[in-house]
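J.: This one is protein.csv, CSV, C-alpha atoms.
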```
chain,number,residue,atom,x,y,z
A,1,MET,CA,-21.2,0.0,12.9
A,2,LYS,CA,-23.1,2.8,11.2
A,3,GLU,CA,-21.8,4.2,8.0
A,4,SER,CA,-21.4,7.6,9.6
A,5,ALA,CA,-19.4,6.4,12.6
A,6,ILE,CA,-16.2,8.3,13.4
A,7,ILE,CA,-13.1,6.6,14.8
A,8,SER,CA,-12.2,8.1,18.1
A,9,GLU,CA,-9.1,10.1,18.7
A,10,ILE,CA,-7.6,7.3,20.9
A,11,ASP,CA,-8.2,4.8,18.0
A,12,LEU,CA,-6.5,7.2,15.6
A,13,GLU,CA,-3.5,7.3,17.9
A,14,ILE,CA,-3.4,3.5,18.0
A,15,VAL,CA,-3.5,3.4,14.2
A,16,ASN,CA,-0.7,6.0,14.0
A,17,ALA,CA,1.4,4.0,16.4
A,18,LEU,CA,0.9,0.8,14.3
A,19,GLN,CA,1.8,2.7,11.1
A,20,ILE,CA,5.2,3.3,12.8
A,21,SER,CA,5.6,-0.1,14.3
A,22,PRO,CA,3.0,-2.6,13.0
A,23,ARG,CA,3.9,-5.5,15.2
A,24,ALA,CA,4.9,-3.6,18.4
A,25,ASP,CA,3.9,-5.3,21.6
A,26,TRP,CA,0.6,-4.1,23.0
A,27,SER,CA,2.3,-3.2,26.3
A,28,ARG,CA,4.7,-0.9,24.4
A,29,VAL,CA,1.9,0.8,22.5
A,30,GLY,CA,0.1,1.3,25.7
A,31,ASP,CA,3.1,2.8,27.5
A,32,VAL,CA,3.5,5.4,24.7
A,33,LEU,CA,-0.2,6.2,24.7
A,34,GLY,CA,-0.8,6.1,28.4
A,35,LEU,CA,-3.1,3.1,28.2
A,36,SER,CA,-2.9,-0.5,29.4
A,37,GLY,CA,-1.7,-3.2,26.9
A,38,PRO,CA,-5.1,-5.1,27.1
A,39,THR,CA,-7.0,-1.9,26.4
A,40,VAL,CA,-5.0,-1.2,23.3
A,41,ALA,CA,-5.4,-4.8,22.1
A,42,ARG,CA,-9.2,-4.7,22.7
A,43,ARG,CA,-9.6,-1.4,20.8
A,44,TRP,CA,-7.4,-2.6,17.9
A,45,ASN,CA,-9.3,-5.9,17.7
A,46,SER,CA,-12.6,-4.0,17.6
A,47,LEU,CA,-11.3,-1.8,14.7
A,48,ALA,CA,-10.0,-4.9,12.8
A,49,GLU,CA,-13.2,-6.9,13.3
A,50,GLN,CA,-15.3,-4.0,11.9
A,51,GLY,CA,-12.9,-3.7,8.9
A,52,LEU,CA,-11.9,-0.1,10.0
A,53,ALA,CA,-8.2,-0.9,10.2
A,54,TRP,CA,-5.9,-3.7,9.2
A,55,ILE,CA,-2.2,-4.6,8.9
A,56,THR,CA,-1.0,-6.4,5.8
A,57,PRO,CA,2.3,-7.2,4.0
A,58,ALA,CA,3.5,-4.7,1.5
A,59,PRO,CA,6.5,-4.3,-0.9
A,60,GLY,CA,9.5,-3.1,1.0
A,61,PRO,CA,12.1,-0.6,-0.3
A,62,ARG,CA,14.1,-3.5,-1.9
A,63,TYR,CA,11.1,-5.3,-3.3
A,64,LEU,CA,12.0,-4.8,-6.9
A,65,SER,CA,15.2,-6.9,-6.3
A,66,ALA,CA,12.9,-9.9,-5.5
A,67,GLY,CA,9.6,-9.2,-7.2
A,68,TRP,CA,8.0,-7.2,-10.0
A,69,SER,CA,5.3,-4.5,-10.2
A,70,ALA,CA,3.3,-2.6,-12.8
A,71,PHE,CA,0.5,0.0,-12.9
A,72,ILE,CA,-2.4,-0.6,-15.3
A,73,SER,CA,-5.0,1.9,-16.5
A,74,LEU,CA,-8.1,0.5,-18.0
A,75,SER,CA,-11.1,1.8,-19.9
A,76,SER,CA,-14.3,-0.2,-20.0
A,77,LEU,CA,-17.8,-0.4,-21.2
A,78,PRO,CA,-20.1,1.1,-18.6
A,79,SER,CA,-22.5,-1.9,-18.8
A,80,GLU,CA,-19.6,-4.2,-17.9
A,81,ASN,CA,-17.9,-2.1,-15.2
A,82,GLU,CA,-19.4,-4.0,-12.3
A,83,ALA,CA,-18.4,-7.4,-13.7
A,84,LEU,CA,-14.9,-6.1,-14.5
A,85,VAL,CA,-14.4,-4.8,-11.0
A,86,ARG,CA,-15.4,-8.2,-9.5
A,87,LYS,CA,-13.0,-10.0,-11.7
A,88,LEU,CA,-10.1,-7.6,-10.9
A,89,CYS,CA,-10.8,-7.9,-7.2
A,90,ALA,CA,-10.8,-11.7,-7.3
A,91,GLU,CA,-7.4,-11.8,-9.0
A,92,PRO,CA,-4.5,-12.0,-6.5
A,93,ALA,CA,-2.0,-10.3,-8.8
A,94,PHE,CA,-4.1,-7.1,-8.9
A,95,GLY,CA,-3.4,-5.6,-5.5
A,96,THR,CA,-5.3,-2.3,-5.7
A,97,VAL,CA,-8.3,-1.5,-7.8
A,98,SER,CA,-9.7,2.0,-7.9
A,99,LEU,CA,-12.3,4.0,-9.9
A,100,VAL,CA,-10.6,7.2,-11.0
A,101,SER,CA,-11.4,10.4,-12.8
A,102,GLY,CA,-9.6,11.3,-16.0
A,103,SER,CA,-9.1,9.6,-19.3
A,104,HIS,CA,-9.3,6.0,-17.9
A,105,ASP,CA,-12.0,4.4,-15.7
A,106,LEU,CA,-9.9,2.1,-13.4
A,107,PHE,CA,-6.4,2.2,-12.0
A,108,VAL,CA,-4.8,-1.1,-10.9
A,109,ASP,CA,-1.5,-2.0,-9.4
A,110,CYS,CA,-0.1,-5.4,-10.3
A,111,PHE,CA,2.4,-7.6,-8.5
A,112,ALA,CA,4.3,-10.7,-9.6
A,113,SER,CA,7.1,-12.8,-8.2
A,114,SER,CA,9.0,-13.0,-11.5
A,115,HIS,CA,9.4,-11.1,-14.8
A,116,GLU,CA,7.9,-14.1,-16.6
A,117,GLU,CA,4.8,-14.1,-14.3
A,118,LEU,CA,4.3,-10.4,-14.9
A,119,MET,CA,4.5,-10.8,-18.6
A,120,ASP,CA,2.0,-13.7,-18.5
A,121,ILE,CA,-0.4,-11.4,-16.6
A,122,VAL,CA,0.1,-8.5,-19.0
A,123,THR,CA,-0.2,-10.6,-22.1
A,124,GLY,CA,-2.7,-13.2,-21.0
A,125,SER,CA,-5.1,-12.1,-18.3
A,126,PHE,CA,-6.9,-9.3,-20.1
A,127,ALA,CA,-8.6,-11.5,-22.7
A,128,GLY,CA,-10.7,-12.9,-19.8
A,129,LEU,CA,-11.7,-9.5,-18.4
A,130,PRO,CA,-15.2,-8.3,-19.4
A,131,GLY,CA,-15.7,-5.0,-21.1
A,132,VAL,CA,-12.1,-3.7,-21.4
A,133,THR,CA,-11.8,-1.3,-24.3
A,134,HIS,CA,-8.3,0.0,-23.7
A,135,ARG,CA,-5.4,-0.7,-21.4
A,136,GLU,CA,-2.2,1.0,-20.7
A,137,VAL,CA,0.6,-0.7,-18.7
A,138,VAL,CA,3.7,0.8,-17.2
A,139,PHE,CA,6.4,-1.1,-15.3
A,140,VAL,CA,7.8,0.1,-12.0
A,141,THR,CA,11.5,0.5,-12.2
A,142,LYS,CA,12.4,2.4,-9.0
A,143,LEU,CA,10.7,3.2,-5.8
A,144,TYR,CA,11.3,6.5,-4.0
A,145,ARG,CA,8.4,6.2,-1.5
A,146,GLN,CA,5.6,3.8,-0.8
A,147,ALA,CA,2.3,4.0,1.0
A,148,SER,CA,3.8,2.0,3.9
A,149,ASP,CA,6.1,5.1,4.6
A,150,TRP,CA,3.1,7.4,5.0
A,151,ARG,CA,2.1,8.5,8.6
A,152,SER,CA,-1.1,10.2,9.7
A,153,GLY,CA,0.7,12.5,12.2
A,154,THR,CA,-2.0,12.0,14.9
A,155,LEU,CA,0.6,11.3,17.5
A,156,GLU,CA,2.7,14.1,19.0
A,157,PRO,CA,6.2,14.0,17.5
A,158,ALA,CA,7.8,12.9,20.9
A,159,ARG,CA,5.4,10.0,21.2
A,160,ALA,CA,5.9,9.0,17.5
A,161,ARG,CA,9.7,8.9,18.2
A,162,LEU,CA,9.0,6.5,21.1
A,163,MET,CA,7.2,4.2,18.8
A,164,SER,CA,10.0,4.0,16.3
A,165,ALA,CA,11.9,0.7,16.6
A,166,GLU,CA,15.6,0.2,16.1
A,167,PRO,CA,16.2,-1.2,12.6
A,168,LEU,CA,17.0,-4.9,12.5
A,169,PRO,CA,20.4,-5.7,11.1
A,170,ALA,CA,20.2,-6.5,7.4
A,171,PRO,CA,20.8,-10.2,6.7
A,172,ALA,CA,23.2,-11.6,4.2
A,173,ALA,CA,21.7,-11.7,0.7
A,174,TYR,CA,19.2,-14.5,0.2
A,175,ALA,CA,16.2,-15.4,-2.0
A,176,PRO,CA,12.8,-15.7,-0.3
A,177,ASP,CA,11.4,-19.2,-0.5
A,178,GLY,CA,8.2,-21.1,-0.2
A,179,LEU,CA,8.0,-20.8,3.6
A,180,ASP,CA,8.4,-17.0,3.3
A,181,ALA,CA,5.5,-17.0,0.8
A,182,LEU,CA,3.3,-19.0,3.2
A,183,LEU,CA,4.1,-16.6,6.0
A,184,LEU,CA,3.2,-13.7,3.8
A,185,GLU,CA,-0.1,-15.3,3.0
A,186,GLU,CA,-0.9,-15.7,6.7
A,187,LEU,CA,0.2,-12.1,7.5
A,188,ALA,CA,-2.1,-10.9,4.8
A,189,ARG,CA,-5.0,-12.5,6.7
A,190,ASP,CA,-3.9,-11.0,10.0
A,191,GLY,CA,-0.8,-8.9,10.2
A,192,ARG,CA,-1.0,-9.0,14.0
A,193,ALA,CA,-1.1,-12.8,14.2
A,194,SER,CA,1.1,-14.2,17.0
A,195,TRP,CA,4.3,-16.0,16.2
A,196,ALA,CA,2.7,-19.2,17.6
A,197,GLU,CA,-0.3,-18.7,15.2
A,198,LEU,CA,1.9,-18.0,12.3
A,199,GLY,CA,4.1,-21.0,13.0
A,200,ALA,CA,1.1,-23.4,13.5
A,201,ALA,CA,-0.5,-22.2,10.2
A,202,CYS,CA,2.8,-22.8,8.3
A,203,GLY,CA,3.9,-26.0,10.1
A,204,VAL,CA,7.0,-24.5,11.8
A,205,SER,CA,7.9,-23.4,15.3
A,206,PRO,CA,7.0,-19.9,16.6
A,207,GLN,CA,10.8,-19.2,16.7
A,208,THR,CA,11.2,-20.2,13.1
A,209,ALA,CA,8.2,-18.1,12.1
A,210,ARG,CA,9.6,-15.1,13.9
A,211,ARG,CA,13.1,-15.5,12.5
A,212,ARG,CA,11.9,-15.8,8.9
A,213,VAL,CA,9.5,-12.8,9.2
A,214,GLU,CA,12.1,-10.6,10.8
A,215,ARG,CA,14.6,-11.7,8.1
A,216,PHE,CA,12.5,-10.6,5.2
A,217,LEU,CA,11.5,-7.4,6.9
A,218,ALA,CA,15.1,-6.6,7.8
A,219,SER,CA,16.2,-7.4,4.2
A,220,GLY,CA,13.8,-4.7,2.8
A,221,TYR,CA,12.1,-7.2,0.5
A,222,MET,CA,8.8,-6.8,2.3
A,223,THR,CA,7.3,-4.6,5.0
A,224,LEU,CA,4.1,-4.4,7.0
A,225,ARG,CA,1.6,-1.6,6.5
A,226,CYS,CA,-1.3,-0.4,8.6
A,227,ASP,CA,-4.3,0.7,6.5
A,228,THR,CA,-7.7,2.2,7.4
A,229,SER,CA,-11.1,2.8,6.0
A,230,ALA,CA,-12.2,6.2,4.7
A,231,SER,CA,-13.6,7.1,8.2
A,232,ALA,CA,-10.1,7.2,9.6
A,233,GLN,CA,-8.5,9.2,6.8
A,234,GLN,CA,-9.8,12.6,8.1
A,235,GLY,CA,-11.1,14.1,4.9
A,236,LEU,CA,-8.0,13.3,2.8
A,237,ARG,CA,-8.4,12.7,-0.9
A,238,GLU,CA,-6.2,10.6,-3.1
A,239,VAL,CA,-4.8,12.2,-6.3
A,240,SER,CA,-2.2,10.8,-8.7
A,241,LEU,CA,0.0,12.7,-11.1
A,242,ILE,CA,1.4,10.8,-14.1
A,243,LEU,CA,4.5,12.7,-15.2
A,244,ASN,CA,7.1,12.8,-18.0
A,245,VAL,CA,10.2,14.4,-16.5
A,246,PRO,CA,13.5,15.1,-18.3
A,247,ALA,CA,15.8,12.1,-17.6
A,248,HIS,CA,18.4,14.3,-15.8
A,249,HIS,CA,15.7,15.6,-13.4
A,250,VAL,CA,13.7,12.4,-12.8
A,251,ASP,CA,15.6,11.2,-9.7
A,252,GLY,CA,15.6,14.6,-8.1
A,253,VAL,CA,11.8,15.1,-8.7
A,254,GLY,CA,11.1,11.6,-7.5
A,255,ARG,CA,13.0,12.3,-4.3
A,256,TYR,CA,11.3,15.7,-3.9
A,257,PHE,CA,7.8,14.2,-4.0
A,258,ALA,CA,8.9,11.3,-1.7
A,259,ALA,CA,10.0,13.8,1.0
A,260,LEU,CA,6.5,15.4,1.1
A,261,PRO,CA,4.5,14.4,4.2
A,262,ASN,CA,1.4,13.9,2.1
A,263,CYS,CA,3.1,11.7,-0.5
A,264,ARG,CA,1.8,8.1,-0.6
A,265,LEU,CA,3.8,6.9,-3.6
A,266,SER,CA,6.6,8.2,-5.8
A,267,ALA,CA,7.8,5.7,-8.4
A,268,GLN,CA,9.9,5.8,-11.6
A,269,VAL,CA,8.1,3.9,-14.3
A,270,LEU,CA,8.8,2.7,-17.8
A,271,GLY,CA,6.1,3.8,-20.3
A,272,ALA,CA,4.9,6.9,-22.1
A,273,GLN,CA,5.5,8.6,-18.7
A,274,ASN,CA,8.4,8.1,-16.4
A,275,LEU,CA,7.2,9.1,-12.9
A,276,LEU,CA,4.0,8.4,-11.0
A,277,VAL,CA,3.2,10.3,-7.8
A,278,THR,CA,0.3,9.8,-5.4
A,279,LEU,CA,-0.6,12.4,-2.9
A,280,TRP,CA,-3.3,12.7,-0.2
A,281,VAL,CA,-4.7,16.2,-0.2
A,282,ARG,CA,-7.5,18.0,1.6
A,283,ASP,CA,-8.2,20.3,-1.3
A,284,TYR,CA,-7.7,19.4,-5.0
A,285,LEU,CA,-6.3,22.9,-5.5
A,286,GLU,CA,-3.2,21.8,-3.6
A,287,VAL,CA,-2.2,19.8,-6.7
A,288,GLN,CA,-1.7,23.0,-8.7
A,289,GLY,CA,0.9,24.2,-6.2
A,290,HIS,CA,2.8,20.9,-6.7
A,291,GLU,CA,2.7,21.3,-10.4
A,292,CYS,CA,4.1,24.9,-10.1
A,293,GLU,CA,6.9,23.5,-8.0
A,294,LEU,CA,7.6,20.8,-10.6
A,295,ALA,CA,7.9,23.4,-13.3
A,296,GLU,CA,10.4,25.3,-11.3
A,297,ARG,CA,12.5,22.2,-10.4
A,298,ALA,CA,12.4,20.5,-13.7
A,299,PRO,CA,11.7,22.7,-16.7
A,300,GLY,CA,10.4,20.7,-19.6
A,301,SER,CA,8.3,18.3,-17.4
A,302,ALA,CA,4.8,17.4,-18.6
A,303,VAL,CA,1.8,16.3,-16.7
A,304,ILE,CA,0.5,13.4,-18.8
A,305,SER,CA,-2.6,12.8,-16.6
A,306,ARG,CA,-4.2,13.8,-13.3
A,307,GLN,CA,-6.5,11.4,-11.6
A,308,ALA,CA,-8.5,11.5,-8.4
A,309,VAL,CA,-9.7,8.3,-6.7
A,310,VAL,CA,-13.5,8.2,-6.8
A,311,ARG,CA,-13.7,4.9,-5.0
A,312,ASN,CA,-11.3,2.2,-3.8
A,313,TYR,CA,-12.6,-1.3,-4.5
A,314,LYS,CA,-9.5,-3.1,-3.3
A,315,ARG,CA,-6.4,-1.9,-1.5
A,316,LEU,CA,-3.2,-4.1,-1.3
A,317,GLY,CA,-5.3,-7.3,-1.4
A,318,HIS,CA,-8.1,-6.2,0.9
A,319,VAL,CA,-11.5,-6.0,-0.8
A,320,LEU,CA,-13.4,-3.0,0.4
A,321,ASP,CA,-17.1,-2.1,0.8
A,322,GLU,CA,-18.7,1.3,-0.2
A,323,SER,CA,-17.4,2.9,3.0
A,324,GLY,CA,-13.9,1.7,2.4
A,325,ARG,CA,-14.0,-1.0,5.1
A,326,SER,CA,-12.1,-4.3,4.6
A,327,ARG,CA,-14.6,-7.1,4.0
A,328,SER,CA,-12.3,-9.9,2.7
A,329,VAL,CA,-8.7,-10.4,1.7
A,330,VAL,CA,-7.0,-11.9,-1.4
A,331,PRO,CA,-3.3,-12.4,-0.5
A,332,LEU,CA,-0.9,-10.8,-3.0
A,333,PRO,CA,1.6,-12.9,-4.8
A,334,LEU,CA,4.5,-10.7,-3.5
A,335,TRP,CA,6.7,-13.8,-3.6
A,336,ARG,CA,6.2,-17.3,-4.9
A,337,GLU,CA,8.9,-20.0,-4.9
A,338,GLY,CA,10.1,-20.6,-8.4
```
Could I get this structure in the form of structure tokens?
T.:
Amino acid sequence: MKESAIISEIDLEIVNALQISPRADWSRVGDVLGLSGPTVARRWNSLAEQGLAWITPAPGPRYLSAGWSAFISLSSLPSENEALVRKLCAEPAFGTVSLVSGSHDLFVDCFASSHEELMDIVTGSFAGLPGVTHREVVFVTKLYRQASDWRSGTLEPARARLMSAEPLPAPAAYAPDGLDALLLEELARDGRASWAELGAACGVSPQTARRRVERFLASGYMTLRCDTSASAQQGLREVSLILNVPAHHVDGVGRYFAALPNCRLSAQVLGAQNLLVTLWVRDYLEVQGHECELAERAPGSAVISRQAVVRNYKRLGHVLDESGRSRSVVPLPLWREG
């Protein structure tokens, strides 16, 4: 595939359908798009083989009740930047690694299955990283919106509604275990793997694999997310605002940003700042409009930092090449059995 290749409109519609329902039957996707199931499967498999699109596990809306997350900003020596990126991309706990504009060089999100594990990473892992001159860590305390909620909007609204699945009934409270962790690892490698393939890889029946996956999806601990290379992002640019919002406004502002169609992430954090918002924009000047709205909604708010992504090296465990295509995967430790 040439670097300049553009994903077709049909493929963009398939991607949008799988953003809405990542494991929908091919026949159902085909019915919505006016294609045959085998045609949809063939086109998706071609996208996946080229690293242009993929489906992977992601934290769900209730993830913070089962796991832990932090955002890390790093500054580094220019001579060591390449080695540092390689190390970060190889570490399972560092889910996303991006080169960014602003006062820091790299922005990293970090996942751990327990508070103790997260503290070990924060206190122990940086000594072995080359060239780090400064780090800043903030802990995620509340999620208003995650990237798995974002939709490209390629499908007409009526077709998008047809792709929406009825929510599964929430299970009784439970703690994910070792089998759930194994299933998550396999789904990281192929989010469209069949129940039979998942069961065989984890030593259980297809029925057990399906029941377990549907349970942790219905619980809200985990979800599945469809991601794409830069060629499918249609000129969108990723920008994050790191904000300090008065305490009595932070929930309202977090929910305001979460409701925007171009919002990828809105999270309350614990640090020198208390809210982090990631937006996909076509023009960087759009950010100024959002800041004006922030000033109206929450007087006294301060923008601590603005950062634009220059390059994504890794996204939710997928290691990317220069054109943003997935080249390998390092499964995230979203959950490990204690």
J.: Set the distance at 10 Å and use only C-alpha atoms: which residues neighbour A:Pro261 once local chain neighbours fewer than 5 positions away are removed? I'd like the list as a ChimeraX atom specification.
T.: /A:149-153,279-280
J.: Using all atoms listed in the file, determine which residues lie at most 8 Å from A:Arg189, disregarding the query and same-chain residues fewer than 2 positions distant; provide the list as a list in words.
T.: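 In the requested format, the answer is Thr56, Glu185, Glu186, Leu187, Gly191, Val329 and Pro331 of chain A.
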J.: Determine, counting all atoms listed in the file, which protein, DNA and RNA residues have an atom within 10 Å of an atom of A:His134; residues of the same chain fewer than 3 positions away are not included. Present the result as number ranges by chain.
T.: A: 73-77, 104-105, 131
J.: Record the distance separating atom CA of A:Leu64 and atom CA of A:Pro176, expressed in Å with one decimal.
T.: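 Atom CA of A:Leu64 sits 12.8 Å away from atom CA of A:Pro176.
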J.: Pick the closest to A:Gly252 from A:Cys202, A:Leu265, A:Leu236, A:Leu294: which is it, counting only C-alpha atoms?
T.: A:Leu294
J.: Using all atoms listed in the file, determine which residues lie at most 7 Å from stretch 18-23 of chain A, disregarding the query and same-chain residues fewer than 2 positions distant; provide the list as a ChimeraX atom specification.
T.: /A:14-16,25,55,151,163-165,192,224-226
J.: Grab the atom CA of A:Thr208 to atom CA of A:Ser194 distance for me, in Å with one decimal place.
T.: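 Separation between atom CA of A:Thr208 and atom CA of A:Ser194: 12.4 Å.
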J.: Between atom CA of A:Asp109 and atom CA of A:Val281, what distance in Å does the model show, to one decimal?
T.: 20.6 Å
J.: Which residue, A:Gln268, A:Leu129, A:Ser8, A:Trp44, has the smallest gap to A:Ser69 when you use only C-alpha atoms?
T.: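 The closest residue to A:Ser69 is A:Gln268.
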J.: From the list A:Leu47, A:Ala188, A:Val40, A:Asn312, which residue is nearest A:Thr223 when using all atoms listed in the file?
T.: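 Looking at the shortest contact to A:Thr223, the residue is A:Ala188.
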J.: If you count all atoms listed in the file, which residues fall within 9 Å of A:Arg306, apart from same-chain ones fewer than 6 positions away, as a short mmCIF file (atom, residue, chain, number, x, y, z; two decimals) with C-alpha atoms, keeping the file's coordinate frame?
T.:
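File out.cif, as written:
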```
data_model
loop_
_atom_site.label_atom_id
_atom_site.label_comp_id
_atom_site.auth_asym_id
_atom_site.auth_seq_id
_atom_site.Cartn_x
_atom_site.Cartn_y
_atom_site.Cartn_z
CA SER A 101 -11.40 10.40 -12.80
CA GLY A 102 -9.60 11.30 -16.00
CA SER A 103 -9.10 9.60 -19.30
CA VAL A 239 -4.80 12.20 -6.30
CA SER A 240 -2.20 10.80 -8.70
CA LEU A 241 0.00 12.70 -11.10
CA ILE A 242 1.40 10.80 -14.10
CA LEU A 243 4.50 12.70 -15.20
#
```
J.: Taking into account only C-alpha atoms, which residue in the set A:Leu182, A:Leu106, A:Gly317, A:Arg327 is nearest to A:Glu91?
T.: A:Gly317
J.: Point out the residue among A:Leu99, A:Leu143, A:Val309, A:Ala48 with the least atom-to-atom distance to A:Arg237, counting all atoms listed in the file.
T.: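 Using all atoms listed in the file, A:Arg237 sits closest to A:Val309.
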J.: Which one of A:Phe126, A:Leu168, A:Thr228, A:Phe107 sits closest to A:Arg211 if you count all atoms listed in the file?
T.: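 Checking each candidate against A:Arg211, we get A:Leu168 as the closest.
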